[in-house]
>>> print(open('upload00.csv').read())   # CSV, C-alpha atoms
chain,number,residue,atom,x,y,z
A,14,MET,CA,0.0,0.0,0.0
A,15,THR,CA,1.3,3.4,-0.9
A,16,VAL,CA,1.2,5.9,2.0
A,17,PRO,CA,0.0,9.3,0.9
A,18,PRO,CA,2.1,12.3,1.9
A,19,ILE,CA,1.4,13.5,5.4
A,20,ARG,CA,2.4,16.9,6.6
A,21,LEU,CA,2.2,18.0,10.3
A,22,TYR,CA,3.0,21.1,12.2
A,23,ASP,CA,6.2,20.8,14.3
A,24,THR,CA,6.4,23.0,17.4
A,25,ARG,CA,10.2,22.8,17.4
A,26,ARG,CA,10.6,24.2,13.8
A,27,ARG,CA,7.4,26.3,13.9
A,28,ALA,CA,6.5,25.0,10.5
A,29,VAL,CA,4.4,22.4,8.7
A,30,VAL,CA,6.8,19.6,7.7
A,31,PRO,CA,6.5,16.2,6.0
A,32,LEU,CA,6.3,13.2,8.2
A,33,GLU,CA,9.3,11.0,7.3
A,34,PRO,CA,9.2,8.0,9.6
A,35,ILE,CA,12.5,7.0,11.0
A,36,GLN,CA,11.6,3.3,10.3
A,37,PRO,CA,9.8,3.2,6.9
A,38,GLY,CA,6.2,2.2,7.3
A,39,HIS,CA,6.2,2.6,11.1
A,40,VAL,CA,5.5,5.6,13.4
A,41,GLY,CA,6.3,5.8,17.1
A,42,ILE,CA,4.1,8.3,19.1
A,43,TYR,CA,4.7,9.2,22.7
A,44,SER,CA,1.9,11.3,24.5
A,45,CYS,CA,2.2,12.8,27.9
A,46,GLY,CA,-0.4,11.2,30.1
A,47,PRO,CA,-2.1,12.2,33.4
A,48,THR,CA,-0.7,12.9,36.8
A,49,VAL,CA,-3.0,10.5,38.7
A,50,TYR,CA,-3.7,12.4,41.9
A,51,GLY,CA,-7.2,13.5,40.9
A,52,PRO,CA,-9.7,13.5,38.0
A,53,GLN,CA,-8.8,14.6,34.5
A,54,HIS,CA,-11.0,17.5,33.4
A,55,LEU,CA,-12.2,18.0,29.8
A,56,GLY,CA,-9.3,20.2,29.0
A,57,ASN,CA,-6.9,17.4,29.9
A,58,MET,CA,-9.0,15.0,27.8
A,59,ARG,CA,-8.9,17.3,24.8
A,60,SER,CA,-5.1,16.6,24.7
A,61,GLN,CA,-5.9,12.9,24.5
A,62,LEU,CA,-8.4,13.3,21.7
A,63,ALA,CA,-5.9,15.0,19.4
A,64,PRO,CA,-3.3,12.2,19.4
A,65,ASP,CA,-6.0,9.6,19.1
A,66,LEU,CA,-7.3,11.3,16.0
A,67,LEU,CA,-3.7,11.5,14.7
A,68,ARG,CA,-3.1,7.8,15.4
A,69,ARG,CA,-6.3,6.9,13.5
A,70,VAL,CA,-5.3,9.0,10.5
A,71,LEU,CA,-1.8,7.5,10.3
A,72,ALA,CA,-3.2,3.9,10.7
A,73,ALA,CA,-5.8,4.6,8.0
A,74,SER,CA,-3.0,5.8,5.7
A,75,GLY,CA,-1.4,2.4,5.9
A,76,LEU,CA,1.3,3.1,8.6
A,77,ASP,CA,2.0,0.8,11.5
A,78,VAL,CA,1.7,2.9,14.7
A,79,THR,CA,3.1,2.2,18.2
A,80,TYR,CA,1.3,4.5,20.6
A,81,VAL,CA,2.7,5.1,24.1
A,82,THR,CA,1.2,7.3,26.8
A,83,ASN,CA,2.5,7.4,30.3
A,84,ILE,CA,1.1,7.5,33.8
A,85,THR,CA,2.8,10.0,36.2
A,86,ASP,CA,2.3,8.4,39.6
A,87,VAL,CA,5.4,10.1,41.3
A,88,GLY,CA,7.6,13.1,40.8
A,89,HIS,CA,5.3,15.8,39.6
A,90,LEU,CA,5.8,18.6,42.1
A,91,THR,CA,3.2,21.3,42.8
A,92,SER,CA,5.6,23.9,41.5
A,93,ASP,CA,7.6,24.1,38.2
A,94,ALA,CA,10.4,25.7,40.4
A,95,ASP,CA,11.3,22.3,41.8
A,96,GLU,CA,9.7,23.3,45.1
A,97,GLY,CA,6.6,22.1,47.0
A,98,ASP,CA,5.2,18.6,47.5
A,99,ASP,CA,4.8,15.8,45.0
A,100,LYS,CA,1.2,16.0,43.8
A,101,VAL,CA,0.5,12.3,44.4
A,102,GLU,CA,2.0,12.4,47.9
A,103,ALA,CA,0.1,15.6,48.8
A,104,ALA,CA,-3.1,13.9,47.7
A,105,ALA,CA,-2.4,10.9,49.9
A,106,GLN,CA,-1.7,13.1,52.9
A,107,ARG,CA,-4.8,15.2,52.3
A,108,THR,CA,-7.2,12.3,51.9
A,109,GLY,CA,-5.7,9.7,54.2
A,110,GLN,CA,-5.7,7.1,51.4
A,111,THR,CA,-2.6,5.2,50.4
A,112,VAL,CA,-0.7,6.2,47.3
A,113,GLU,CA,-1.7,3.0,45.6
A,114,GLU,CA,-5.3,3.6,46.3
A,115,ILE,CA,-5.1,7.1,44.8
A,116,THR,CA,-3.1,6.3,41.7
A,117,GLY,CA,-5.0,3.1,41.0
A,118,HIS,CA,-8.4,4.8,41.2
A,119,TRP,CA,-7.5,7.8,39.1
A,120,THR,CA,-5.6,5.8,36.5
A,121,GLU,CA,-8.7,3.6,36.0
A,122,GLN,CA,-11.0,6.7,35.9
A,123,TRP,CA,-8.8,8.3,33.2
A,124,ALA,CA,-8.7,5.0,31.2
A,125,THR,CA,-12.5,4.8,31.5
A,126,ASP,CA,-13.0,8.4,30.4
A,127,ARG,CA,-10.7,7.8,27.4
A,128,ARG,CA,-12.9,4.8,26.4
A,129,ARG,CA,-16.1,6.9,26.8
A,130,LEU,CA,-14.6,9.5,24.5
A,131,GLY,CA,-13.9,6.9,21.9
A,132,CYS,CA,-10.1,6.7,22.2
A,133,LEU,CA,-8.3,3.6,21.2
A,134,GLU,CA,-6.3,1.8,24.0
A,135,PRO,CA,-2.6,2.7,24.2
A,136,ASP,CA,-0.3,0.0,22.9
A,137,ILE,CA,1.9,0.7,25.9
A,138,ARG,CA,0.9,2.5,29.1
A,139,PRO,CA,4.0,2.7,31.4
A,140,ALA,CA,3.9,4.1,34.9
A,141,ALA,CA,6.8,6.2,36.3
A,142,THR,CA,7.0,4.0,39.5
A,143,GLU,CA,7.6,0.9,37.3
A,144,HIS,CA,10.6,2.5,35.6
A,145,ILE,CA,12.8,3.9,38.4
A,146,PRO,CA,15.9,1.9,37.3
A,147,GLU,CA,15.7,3.4,33.8
A,148,GLN,CA,15.4,6.9,35.2
A,149,ILE,CA,18.3,6.5,37.5
A,150,ALA,CA,20.4,5.1,34.7
A,151,MET,CA,19.7,8.1,32.5
A,152,VAL,CA,20.6,10.5,35.3
A,153,GLN,CA,23.8,8.6,35.8
A,154,THR,CA,24.6,9.0,32.1
A,155,LEU,CA,24.0,12.7,32.3
A,156,GLU,CA,26.2,12.9,35.4
A,157,ALA,CA,29.1,11.0,33.7
A,158,GLN,CA,28.9,13.5,30.8
A,159,GLY,CA,29.1,16.5,33.1
A,160,HIS,CA,25.6,17.8,32.8
A,161,THR,CA,24.6,17.6,36.4
A,162,TYR,CA,25.4,18.8,39.9
A,163,VAL,CA,24.2,17.9,43.4
A,164,ILE,CA,22.9,20.3,46.0
A,165,ASP,CA,21.2,19.6,49.4
A,166,ASP,CA,17.8,18.7,47.9
A,167,GLY,CA,18.8,16.7,44.8
A,168,VAL,CA,20.5,16.2,41.5
A,169,TYR,CA,20.0,19.0,39.0
A,170,PHE,CA,20.5,19.4,35.3
A,171,ASP,CA,22.9,22.3,34.4
A,172,VAL,CA,21.2,24.1,31.5
A,173,SER,CA,24.5,25.9,30.8
A,174,SER,CA,25.9,22.5,29.7
A,175,PHE,CA,23.4,22.4,26.8
A,176,PRO,CA,23.8,25.5,24.6
A,177,GLY,CA,20.6,24.7,22.7
A,178,TYR,CA,18.4,24.7,25.9
A,179,ALA,CA,16.4,27.8,25.0
A,180,ASP,CA,15.8,26.9,21.3
A,181,PHE,CA,12.8,24.5,21.6
A,182,ALA,CA,10.5,27.0,23.3
A,183,HIS,CA,12.3,30.2,21.9
A,184,LEU,CA,13.1,31.2,25.5
A,185,HIS,CA,15.5,33.9,26.6
A,186,LEU,CA,17.3,32.5,29.6
A,187,ASP,CA,18.2,35.9,31.1
A,188,ASP,CA,14.5,36.8,31.3
A,189,LEU,CA,13.2,33.6,32.9
A,190,GLU,CA,13.4,34.8,36.5
A,191,ALA,CA,11.7,38.1,35.7
A,192,THR,CA,8.9,36.5,33.8
A,193,GLY,CA,8.0,33.9,36.5
A,194,ARG,CA,8.9,31.0,34.2
A,195,VAL,CA,10.8,29.5,37.1
A,196,GLU,CA,11.8,30.6,40.6
A,197,ASN,CA,15.2,30.2,42.2
A,198,VAL,CA,15.7,27.3,44.5
A,199,SER,CA,18.5,27.9,47.0
A,200,ASP,CA,21.9,26.8,45.6
A,201,LYS,CA,20.7,26.3,42.0
A,202,ARG,CA,23.2,27.7,39.6
A,203,HIS,CA,20.6,29.1,37.2
A,204,PRO,CA,16.9,29.5,37.7
A,205,ALA,CA,16.2,27.2,34.7
A,206,ASP,CA,18.2,24.3,36.1
A,207,PHE,CA,15.8,21.5,36.9
A,208,ALA,CA,15.6,18.5,39.2
A,209,LEU,CA,16.5,15.0,37.9
A,210,TRP,CA,16.4,13.3,41.3
A,211,LYS,CA,15.0,14.8,44.5
A,212,LEU,CA,16.5,13.7,47.8
A,213,SER,CA,14.2,13.0,50.8
A,214,PRO,CA,14.9,15.5,53.6
A,215,ALA,CA,17.0,14.1,56.5
A,216,GLY,CA,14.9,12.3,59.0
A,217,VAL,CA,11.8,12.3,56.8
A,218,THR,CA,10.3,9.1,55.3
A,219,ARG,CA,8.2,9.8,52.3
A,220,LEU,CA,5.4,7.6,51.0
A,221,GLN,CA,7.3,7.1,47.8
A,222,GLU,CA,11.1,6.9,47.8
A,223,TRP,CA,13.8,4.7,46.4
A,224,ASP,CA,17.5,4.2,46.9
A,225,SER,CA,19.8,5.8,44.4
A,226,PRO,CA,23.6,6.6,44.0
A,227,TRP,CA,22.9,10.0,45.4
A,228,GLY,CA,20.7,9.0,48.3
A,229,ARG,CA,17.2,8.0,49.0
A,230,GLY,CA,14.6,10.0,47.2
A,231,PHE,CA,12.4,10.1,44.1
A,232,PRO,CA,12.7,11.1,40.4
A,233,GLY,CA,12.0,14.5,39.0
A,234,TRP,CA,8.9,14.8,36.8
A,235,HIS,CA,10.7,15.4,33.5
A,236,ILE,CA,13.1,12.4,33.6
A,237,GLU,CA,10.3,9.9,33.5
A,238,CYS,CA,9.1,10.7,30.0
A,239,SER,CA,12.6,10.7,28.6
A,240,ALA,CA,13.4,7.3,30.2
A,241,MET,CA,10.1,5.7,29.2
A,242,ALA,CA,9.9,7.0,25.7
A,243,THR,CA,13.4,5.8,25.0
A,244,ARG,CA,12.6,2.4,26.6
A,245,TYR,CA,9.7,1.7,24.3
A,246,LEU,CA,10.4,3.8,21.2
A,247,GLY,CA,14.2,4.0,20.9
A,248,ASP,CA,16.8,6.7,21.1
A,249,ARG,CA,14.9,8.6,18.4
A,250,PHE,CA,11.3,8.5,17.5
A,251,ASP,CA,8.8,10.2,15.3
A,252,ILE,CA,6.1,12.2,17.2
A,253,HIS,CA,5.7,13.5,20.7
A,254,THR,CA,2.4,15.1,21.8
A,255,GLY,CA,1.1,17.0,24.7
A,256,GLY,CA,-0.6,20.2,25.8
A,257,VAL,CA,0.8,23.7,25.0
A,258,ASP,CA,1.4,24.2,28.7
A,259,HIS,CA,4.2,21.6,28.4
A,260,ILE,CA,6.2,23.5,25.9
A,261,ARG,CA,8.1,26.0,28.0
A,262,VAL,CA,9.0,23.7,30.9
A,263,HIS,CA,8.3,20.0,30.7
A,264,HIS,CA,9.1,19.4,27.0
A,265,THR,CA,12.0,21.9,27.0
A,266,ASN,CA,13.6,19.9,29.8
A,267,GLU,CA,12.8,16.6,28.1
A,268,VAL,CA,14.7,17.7,25.0
A,269,ALA,CA,17.7,18.9,27.0
A,270,GLN,CA,18.2,15.8,29.1
A,271,SER,CA,17.4,13.4,26.2
A,272,GLU,CA,19.6,14.9,23.6
A,273,CYS,CA,22.5,15.2,26.1
A,274,ALA,CA,22.1,11.6,27.4
A,275,LEU,CA,21.5,10.0,24.1
A,276,GLY,CA,23.8,12.1,21.9
A,277,VAL,CA,21.1,12.7,19.3
A,278,HIS,CA,19.5,15.7,17.5
A,279,PRO,CA,16.7,15.9,17.1
A,280,TRP,CA,15.5,13.4,19.7
A,281,VAL,CA,11.9,13.7,18.3
A,282,SER,CA,11.2,14.4,14.7
A,283,ILE,CA,7.9,16.2,15.2
A,284,TRP,CA,6.3,17.8,18.3
A,285,MET,CA,2.5,18.4,18.3
A,286,HIS,CA,0.8,20.4,21.0
A,287,THR,CA,-2.9,20.8,21.7
A,288,GLU,CA,-4.3,24.2,22.7
A,289,PHE,CA,-6.3,24.9,25.8
A,290,LEU,CA,-10.0,24.4,26.3
A,291,GLU,CA,-11.5,27.6,27.7
A,292,LEU,CA,-14.4,28.0,30.1
A,293,LYS,CA,-15.7,31.5,30.9
A,294,GLY,CA,-12.8,33.1,29.1
A,295,GLU,CA,-10.0,31.2,31.0
A,296,LYS,CA,-8.3,28.0,30.4
A,297,MET,CA,-9.9,25.0,32.2
A,298,ALA,CA,-7.5,24.2,35.1
A,299,LYS,CA,-7.7,22.7,38.5
A,300,SER,CA,-5.7,25.6,39.9
A,301,LYS,CA,-8.4,28.1,38.8
A,302,GLY,CA,-11.2,26.0,40.5
A,303,HIS,CA,-13.4,25.7,37.4
A,304,VAL,CA,-13.2,22.3,35.8
A,305,LEU,CA,-15.7,20.0,34.1
A,306,LEU,CA,-15.3,16.2,33.9
A,307,VAL,CA,-16.6,13.5,31.6
A,308,ASP,CA,-18.9,12.6,34.5
A,309,THR,CA,-20.3,16.1,34.3
A,310,LEU,CA,-21.5,15.4,30.8
A,311,VAL,CA,-23.0,12.1,31.8
A,312,GLU,CA,-24.8,13.8,34.8
A,313,ARG,CA,-26.3,16.3,32.4
A,314,GLY,CA,-27.6,13.5,30.1
A,315,LEU,CA,-25.0,14.0,27.4
A,316,ASP,CA,-23.3,11.2,25.6
A,317,PRO,CA,-19.5,11.7,26.1
A,318,LEU,CA,-19.0,11.2,22.3
A,319,ALA,CA,-20.8,14.5,21.9
A,320,PHE,CA,-17.7,16.2,23.4
A,321,ARG,CA,-15.5,14.3,20.8
A,322,TYR,CA,-17.7,15.7,18.0
A,323,PHE,CA,-17.4,19.2,19.6
A,324,PHE,CA,-13.6,18.8,19.7
A,325,LEU,CA,-13.6,18.1,15.9
A,326,GLN,CA,-15.2,21.5,15.2
A,327,ALA,CA,-11.9,23.3,16.0
A,328,HIS,CA,-8.3,22.8,15.0
A,329,TYR,CA,-6.3,21.2,17.7
A,330,ARG,CA,-3.9,24.2,17.7
A,331,GLN,CA,-6.7,26.6,18.3
A,332,GLN,CA,-8.2,27.4,21.7
A,333,GLN,CA,-11.8,26.2,22.0
A,334,THR,CA,-14.5,27.6,24.2
A,335,PHE,CA,-16.6,25.1,26.0
A,336,THR,CA,-20.3,25.6,26.6
A,337,PHE,CA,-23.0,23.0,27.2
A,338,ASP,CA,-25.1,24.7,24.5
A,339,ALA,CA,-22.3,24.1,21.9
A,340,VAL,CA,-22.0,20.4,22.9
A,341,GLU,CA,-25.8,19.9,22.8
A,342,ASP,CA,-26.0,21.6,19.4
A,343,VAL,CA,-23.3,19.2,18.0
A,344,LEU,CA,-25.2,16.3,19.4
A,345,ALA,CA,-28.5,17.5,17.9
A,346,VAL,CA,-26.8,17.8,14.4
A,347,GLY,CA,-25.3,14.3,14.8
A,348,GLN,CA,-28.7,12.8,15.7
A,349,LYS,CA,-30.3,14.6,12.7
A,350,VAL,CA,-27.7,13.2,10.3
A,351,GLN,CA,-28.2,9.6,11.7
A,352,VAL,CA,-32.0,9.9,11.2
A,353,GLU,CA,-31.5,11.2,7.6
A,354,LEU,CA,-29.1,8.4,6.8
>>> encode(input="upload00.csv", output="structure tokens")
Amino acid sequence: MTVPPIRLYDTRRRAVVPLEPIQPGHVGIYSCGPTVYGPQHLGNMRSQLAPDLLRRVLAASGLDVTYVTNITDVGHLTSDADEGDDKVEAAAQRTGQTVEEITGHWTEQWATDRRRLGCLEPDIRPAATEHIPEQIAMVQTLEAQGHTYVIDDGVYFDVSSFPGYADFAHLHLDDLEATGRVENVSDKRHPADFALWKLSPAGVTRLQEWDSPWGRGFPGWHIECSAMATRYLGDRFDIHTGGVDHIRVHHTNEVAQSECALGVHPWVSIWMHTEFLELKGEKMAKSKGHVLLVDTLVERGLDPLAFRYFFLQAHYRQQQTFTFDAVEDVLAVGQKVQVEL
């Protein structure tokens, strides 16, 4: 079967480029999945619908697709500045549940919501806690190459050791502190340096911690995706997806640590990012206190697939404003078409 030309927008190059699979006839996709400390709102799920649609298009074009999406069940701190509590640990302390109860429940809820929205099952769904050795090994590689340093609270990536650090998100490193992109943790050499491995405070036993060459602790958030994507898709792969909020921090850090550790450029051929879902003029976010869930649709008597149809009305790189009226209108049109057919 002859595969038709496929062109996709690449965030790194800021351009529409041809998809040229590294392995002819096969495409590897890695999508950033949920941090499973609570429910995933409809904005989060929009970033699942975009790669699901992409995956279906590629498969329909005759390509063999390996689709990997991760579960973040440790390491995602409440602050991008490498400060604050781990989101999963904080949820366990707040609710009195075990970490396993929290991560197990919200992982299954996310998987159920994906199915209700018509998403195909991932080919591989790795969890961060199941890949601690791979993460430690990558940090050790970076350390041996001179890209890291150790301070009291952990092992950090030295962004000055990677001259291209600012290129991916078109950052200006000198302006980061002033813009609030990151804050300065005591003893960090540069505000943009980020944690690869966090050390448990002396005399404190965390709910999730592991032994490492640097001491007992837990991985930083960014290292998990690099380690797991490499584990399942190789040192280079075709497409990485996520929300636009990942560009300036999470994905910038993924690129830096991966390209340094693996000695490749580019690590990923094409980066695709989904824009925000807006509610009342602001992005839908837990931090803002206004979120809607797939369960919210069901409680209102709406088929979750109506939200998928609603998503298809806008380009994935455009912000989309959610209203119940808009979703109900899409559902009404779909029902009318079915009747006419």
>>> residues_around(input="upload00.csv", residues="Tyr178 in chain A", least_positions_apart="3", cutoff="7 Å", atoms="all atoms listed in the file", output="PyMOL selection string")
chain A and resi 172+175+269
>>> write_last_selection(input="upload00.csv", atoms="C-alpha atoms", output="mmCIF file, in the coordinates of the input")
data_model
loop_
_atom_site.group_PDB
_atom_site.id
_atom_site.type_symbol
_atom_site.label_atom_id
_atom_site.label_comp_id
_atom_site.auth_asym_id
_atom_site.auth_seq_id
_atom_site.Cartn_x
_atom_site.Cartn_y
_atom_site.Cartn_z
ATOM 1 C CA VAL A 172 21.200 24.100 31.500
ATOM 2 C CA PHE A 175 23.400 22.400 26.800
ATOM 3 C CA ALA A 269 17.700 18.900 27.000
#
>>> closest_residue(input="upload00.csv", among="A:Arg219, A:His264, A:Lys201, A:Arg244", to="Phe181 in chain A", atoms="only C-alpha atoms")
A:His264
>>> closest_residue(input="upload00.csv", among="A:Leu66, A:Ala94, A:Ile115, A:Ala208", to="His328 in chain A", atoms="only C-alpha atoms")
A:Leu66
>>> closest_residue(input="upload00.csv", among="A:Val87, A:Leu318, A:Ala205, A:Leu275", to="Gln221 in chain A", atoms="all atoms listed in the file")
A:Val87
>>> closest_residue(input="upload00.csv", among="A:Trp210, A:Tyr169, A:Trp123, A:Trp284", to="Ala28 in chain A", atoms="all atoms listed in the file")
A:Trp284
>>> atom_distance(input="upload00.csv", atom1="CA of Gln122 in chain A", atom2="CA of Gln53 in chain A")
8.3 Å
>>> closest_residue(input="upload00.csv", among="A:Ala242, A:Val262, A:Val340, A:Leu325", to="Ala179 in chain A", atoms="all atoms listed in the file")
A:Val262
>>> residues_around(input="upload00.csv", residues="Ile236 in chain A", least_positions_apart="4", cutoff="9 Å", atoms="only C-alpha atoms", output="list in words")
Gln148, Ile149, Met151, Val152, Ala208, Leu209, Trp210, Pro232, Ala240, Met241, Asn266, Glu267, Gln270 and Ser271 of chain A
>>> residues_around(input="upload00.csv", residues="Val304 in chain A", least_positions_apart="3", cutoff="10 Å", atoms="only C-alpha atoms", output="PDB file with C-alpha atoms, keeping the file's coordinate frame")
ATOM      1  CA  PRO A  52      -9.700  13.500  38.000  1.00  0.00           C
ATOM      2  CA  GLN A  53      -8.800  14.600  34.500  1.00  0.00           C
ATOM      3  CA  HIS A  54     -11.000  17.500  33.400  1.00  0.00           C
ATOM      4  CA  LEU A  55     -12.200  18.000  29.800  1.00  0.00           C
ATOM      5  CA  GLY A  56      -9.300  20.200  29.000  1.00  0.00           C
ATOM      6  CA  ASN A  57      -6.900  17.400  29.900  1.00  0.00           C
ATOM      7  CA  GLU A 291     -11.500  27.600  27.700  1.00  0.00           C
ATOM      8  CA  LEU A 292     -14.400  28.000  30.100  1.00  0.00           C
ATOM      9  CA  LYS A 296      -8.300  28.000  30.400  1.00  0.00           C
ATOM     10  CA  MET A 297      -9.900  25.000  32.200  1.00  0.00           C
ATOM     11  CA  ALA A 298      -7.500  24.200  35.100  1.00  0.00           C
ATOM     12  CA  LYS A 299      -7.700  22.700  38.500  1.00  0.00           C
ATOM     13  CA  SER A 300      -5.700  25.600  39.900  1.00  0.00           C
ATOM     14  CA  LYS A 301      -8.400  28.100  38.800  1.00  0.00           C
ATOM     15  CA  THR A 309     -20.300  16.100  34.300  1.00  0.00           C
TER      16      THR A 309
END
>>> closest_residue(input="upload00.csv", among="A:Leu76, A:Gly41, A:Leu315, A:Arg202", to="Asp338 in chain A", atoms="all atoms listed in the file")
A:Leu315
>>> residues_around(input="upload00.csv", residues="Arg229 in chain A", least_positions_apart="6", cutoff="8 Å", atoms="only C-alpha atoms", output="MDAnalysis selection string")
chainID A and resid 212:213 222:223
